[in-house]
Amino acid sequence: MGKKSDIELFGRKTFFISPEKDSVPEEFLEEFMASGLETYIVNDDTSCPMTAKVEEIMKMFPESILIFNIDSKIAGMDWESFLKTVNKRQGMMVGIMYGRGRSGAGDEEAKSQLERMGKLSAGAIPLGADKEENKRLIKETLLKIGARGRRNLVRAACKSGSSVRFSHGGKDFSARLMDINVTHFLCDIGPTSEKFDIFEKIRDADLKFDGFSIKSDAVLIMKRKSNEENLFIFMFIKPDGTPDLEKDKENLLNKEIYSLVMKKNMTALKAAFAARKN
């Protein structure tokens, strides 16, 4: 599968670089992920220069979206020249955010600065004191530039040892759980002669991964064979047979997926940042 198709299918990662805490609080990230937008915050600190952090992001996630807070005062940072350089990086999308009426100059100063930076593929987001309005503007911008790709939801890859157990045709099955989002899960049923039909329902599927567990009914919507793997995609359904999880379970699962995805990628980035310490 080519890179372009990967973006279309799985979306891009978006990094907010040194945002104002009051304008872009961390709580936004979980809400964005529930909408299929995978977003992260990278702040400035004294241990690793921001320029080095951005370089590591571009190396590790070469087709991501970088949105810089140009109001952030970072030692030695010339936003105009730096963003011109980053904006030339093939595959990356670059944008800015700024406070409305900053320095008493209003939006005109920011617009002028944006013009000097050149055309930025992720545009400019003017933020204010209203957090809900900020959230709406950011989400609207990310959706407009295709940050979500064709996916509607972020999925988490499950570690080895993750499982889903269920009964079918009078037999008990334990399948390897491979990945999950709040509407579907993928599992390897293993070598078996048991016949599973598309749209067949299973009751009380018991899913366990990363210390988290959840039970739900599900319906088989797709199956395929890959080497020795018998891959099954199930869709969660409610007890009455309607699609999706019950709301309380959906909220719990979204929190777990957010935690897993955030931990995996930020742990990798922090290790890369640590290797670039001053």
# chains A, B, ... in the order shown; residues from 1 in each chain; ligands from 1

call {"tool": "closest_atom_pairs", "arguments": {"of": "region 139-179 of chain A", "to": "region 25-48 of chain A", "cutoff": "6 Å", "atoms": "only C-alpha atoms", "output": "JSON lines"}}
result
{"residue": "A:Arg148", "atom": "CA", "partner": "A:Leu37", "partner_atom": "CA", "distance": 5.5}
{"residue": "A:Asn152", "atom": "CA", "partner": "A:Gly36", "partner_atom": "CA", "distance": 5.1}
{"residue": "A:Leu153", "atom": "CA", "partner": "A:Gly36", "partner_atom": "CA", "distance": 3.9}
{"residue": "A:Val154", "atom": "CA", "partner": "A:Gly36", "partner_atom": "CA", "distance": 5.0}

call {"tool": "closest_atom_pairs", "arguments": {"of": "region 199-221 of chain A", "to": "region 246-254 of chain A", "cutoff": "10 Å", "atoms": "only C-alpha atoms", "output": "JSON lines"}}
result
{"residue": "A:Phe212", "atom": "CA", "partner": "A:Leu253", "partner_atom": "CA", "distance": 8.7}
{"residue": "A:Ser213", "atom": "CA", "partner": "A:Leu253", "partner_atom": "CA", "distance": 9.0}
{"residue": "A:Ile214", "atom": "CA", "partner": "A:Lys249", "partner_atom": "CA", "distance": 7.5}
{"residue": "A:Lys215", "atom": "CA", "partner": "A:Lys249", "partner_atom": "CA", "distance": 8.7}
{"residue": "A:Ser216", "atom": "CA", "partner": "A:Glu246", "partner_atom": "CA", "distance": 8.7}

call {"tool": "write_last_selection", "arguments": {"atoms": "N, CA and C atoms", "output": "mmCIF file, in the first residue's frame"}}
result
data_model
loop_
_atom_site.group_PDB
_atom_site.id
_atom_site.type_symbol
_atom_site.label_atom_id
_atom_site.label_comp_id
_atom_site.auth_asym_id
_atom_site.auth_seq_id
_atom_site.Cartn_x
_atom_site.Cartn_y
_atom_site.Cartn_z
ATOM 1 N N PHE A 212 -7.452 -3.800 30.237
ATOM 2 C CA PHE A 212 -8.834 -3.298 30.082
ATOM 3 C C PHE A 212 -9.715 -4.433 29.583
ATOM 4 N N SER A 213 -10.958 -4.464 30.006
ATOM 5 C CA SER A 213 -11.885 -5.479 29.503
ATOM 6 C C SER A 213 -13.247 -4.858 29.246
ATOM 7 N N ILE A 214 -13.925 -5.405 28.256
ATOM 8 C CA ILE A 214 -15.260 -4.932 27.914
ATOM 9 C C ILE A 214 -16.047 -6.081 27.295
ATOM 10 N N LYS A 215 -17.332 -6.139 27.584
ATOM 11 C CA LYS A 215 -18.199 -7.170 27.016
ATOM 12 C C LYS A 215 -19.267 -6.522 26.161
ATOM 13 N N SER A 216 -19.538 -7.155 25.021
ATOM 14 C CA SER A 216 -20.581 -6.633 24.141
ATOM 15 C C SER A 216 -21.006 -7.706 23.153
#

call {"tool": "residues_around", "arguments": {"residues": "region 122-128 of chain A", "least_positions_apart": "5", "cutoff": "10 Å", "atoms": "only C-alpha atoms", "output": "number ranges by chain"}}
result
A: 20, 22-24, 65-69, 87, 92-102, 107, 110-111, 114, 133-135, 137-138, 140-142, 144-147

call {"tool": "select_by_dssp", "arguments": {"residues": "region 1-175 of chain A", "states": "strand (DSSP E)", "output": "number ranges by chain"}}
result
A: 13-17, 38-42, 65-69, 93-99, 123-127, 156-157, 163-168, 171-175

call {"tool": "write_last_selection", "arguments": {"atoms": "N, CA and C atoms", "output": "short mmCIF file (atom, residue, chain, number, x, y, z; two decimals), in the first residue's frame"}}
result
data_model
loop_
_atom_site.label_atom_id
_atom_site.label_comp_id
_atom_site.auth_asym_id
_atom_site.auth_seq_id
_atom_site.Cartn_x
_atom_site.Cartn_y
_atom_site.Cartn_z
N LYS A 13 -1.39 12.31 11.77
CA LYS A 13 -1.22 12.78 13.13
C LYS A 13 -1.04 14.30 13.09
N THR A 14 -1.69 14.99 14.01
CA THR A 14 -1.59 16.44 14.09
C THR A 14 -0.89 16.83 15.38
N PHE A 15 0.12 17.69 15.28
CA PHE A 15 0.86 18.16 16.44
C PHE A 15 0.66 19.66 16.62
N PHE A 16 0.14 20.04 17.79
CA PHE A 16 0.04 21.45 18.14
C PHE A 16 1.35 21.82 18.85
N ILE A 17 2.08 22.73 18.27
CA ILE A 17 3.41 23.07 18.78
C ILE A 17 3.33 24.30 19.69
N GLU A 38 -6.51 12.41 15.33
CA GLU A 38 -5.42 12.01 16.23
C GLU A 38 -4.49 13.20 16.43
N THR A 39 -4.57 13.82 17.61
CA THR A 39 -3.85 15.06 17.86
C THR A 39 -2.97 14.95 19.10
N TYR A 40 -1.90 15.75 19.10
CA TYR A 40 -0.92 15.74 20.19
C TYR A 40 -0.49 17.16 20.49
N ILE A 41 -0.02 17.38 21.72
CA ILE A 41 0.55 18.67 22.10
C ILE A 41 2.03 18.47 22.41
N VAL A 42 2.88 19.32 21.83
CA VAL A 42 4.31 19.30 22.12
C VAL A 42 4.70 20.69 22.61
N ILE A 65 0.76 16.66 10.40
CA ILE A 65 0.36 18.07 10.35
C ILE A 65 0.97 18.77 11.56
N LEU A 66 1.64 19.88 11.31
CA LEU A 66 2.24 20.68 12.38
C LEU A 66 1.55 22.03 12.43
N ILE A 67 0.98 22.36 13.59
CA ILE A 67 0.32 23.66 13.74
C ILE A 67 1.03 24.41 14.87
N PHE A 68 1.70 25.51 14.50
CA PHE A 68 2.57 26.24 15.42
C PHE A 68 1.84 27.44 16.02
N ASN A 69 2.00 27.60 17.31
CA ASN A 69 1.50 28.80 17.97
C ASN A 69 2.55 29.90 17.82
N MET A 93 2.25 18.90 6.37
CA MET A 93 1.31 20.01 6.28
C MET A 93 1.59 20.93 7.44
N VAL A 94 1.64 22.23 7.16
CA VAL A 94 2.04 23.21 8.16
C VAL A 94 0.98 24.29 8.28
N GLY A 95 0.67 24.66 9.51
CA GLY A 95 -0.27 25.73 9.77
C GLY A 95 0.15 26.50 11.00
N ILE A 96 -0.59 27.57 11.30
CA ILE A 96 -0.31 28.37 12.50
C ILE A 96 -1.59 28.61 13.27
N MET A 97 -1.43 28.90 14.55
CA MET A 97 -2.52 29.43 15.37
C MET A 97 -1.98 30.68 16.08
N TYR A 98 -2.89 31.60 16.37
CA TYR A 98 -2.48 32.85 17.01
C TYR A 98 -3.68 33.42 17.75
N GLY A 99 -3.40 34.30 18.70
CA GLY A 99 -4.47 34.92 19.47
C GLY A 99 -5.05 36.12 18.77
N GLY A 123 -3.11 26.24 6.80
CA GLY A 123 -3.78 27.51 7.05
C GLY A 123 -3.46 28.15 8.40
N ALA A 124 -4.35 29.05 8.84
CA ALA A 124 -4.17 29.82 10.07
C ALA A 124 -5.44 29.77 10.89
N ILE A 125 -5.29 29.60 12.21
CA ILE A 125 -6.44 29.48 13.10
C ILE A 125 -6.37 30.60 14.14
N PRO A 126 -7.26 31.59 14.07
CA PRO A 126 -7.29 32.65 15.08
C PRO A 126 -8.07 32.18 16.31
N LEU A 127 -7.43 32.19 17.47
CA LEU A 127 -8.06 31.70 18.69
C LEU A 127 -8.37 32.84 19.65
N ALA A 156 -6.79 1.41 17.89
CA ALA A 156 -5.59 1.08 18.66
C ALA A 156 -5.15 -0.34 18.32
N ALA A 157 -3.84 -0.50 18.09
CA ALA A 157 -3.28 -1.83 17.89
C ALA A 157 -3.15 -2.49 19.26
N SER A 163 -7.06 -10.57 23.82
CA SER A 163 -7.94 -11.66 23.39
C SER A 163 -9.40 -11.24 23.34
N VAL A 164 -10.18 -12.03 22.61
CA VAL A 164 -11.64 -11.93 22.65
C VAL A 164 -12.17 -13.36 22.76
N ARG A 165 -13.01 -13.57 23.74
CA ARG A 165 -13.59 -14.89 23.98
C ARG A 165 -15.10 -14.83 23.76
N PHE A 166 -15.62 -15.86 23.12
CA PHE A 166 -17.06 -15.92 22.87
C PHE A 166 -17.47 -17.36 22.58
N SER A 167 -18.74 -17.60 22.63
CA SER A 167 -19.30 -18.92 22.31
C SER A 167 -19.97 -18.86 20.95
N HIS A 168 -19.87 -19.96 20.21
CA HIS A 168 -20.48 -20.03 18.88
C HIS A 168 -20.78 -21.48 18.55
N LYS A 171 -19.72 -24.09 21.00
CA LYS A 171 -18.29 -24.19 21.32
C LYS A 171 -17.78 -22.86 21.84
N ASP A 172 -16.72 -22.94 22.66
CA ASP A 172 -16.07 -21.74 23.18
C ASP A 172 -14.83 -21.41 22.34
N PHE A 173 -14.65 -20.13 22.01
CA PHE A 173 -13.53 -19.69 21.19
C PHE A 173 -12.73 -18.61 21.92
N SER A 174 -11.43 -18.64 21.74
CA SER A 174 -10.53 -17.60 22.23
C SER A 174 -9.70 -17.13 21.05
N ALA A 175 -9.98 -15.92 20.56
CA ALA A 175 -9.29 -15.39 19.39
C ALA A 175 -8.28 -14.32 19.81
#

call {"tool": "residues_around", "arguments": {"residues": "Asp210 (chain A)", "least_positions_apart": "6", "cutoff": "9 Å", "atoms": "only C-alpha atoms", "output": "ChimeraX atom specification"}}
result
/A:158-159,161-162,256,260
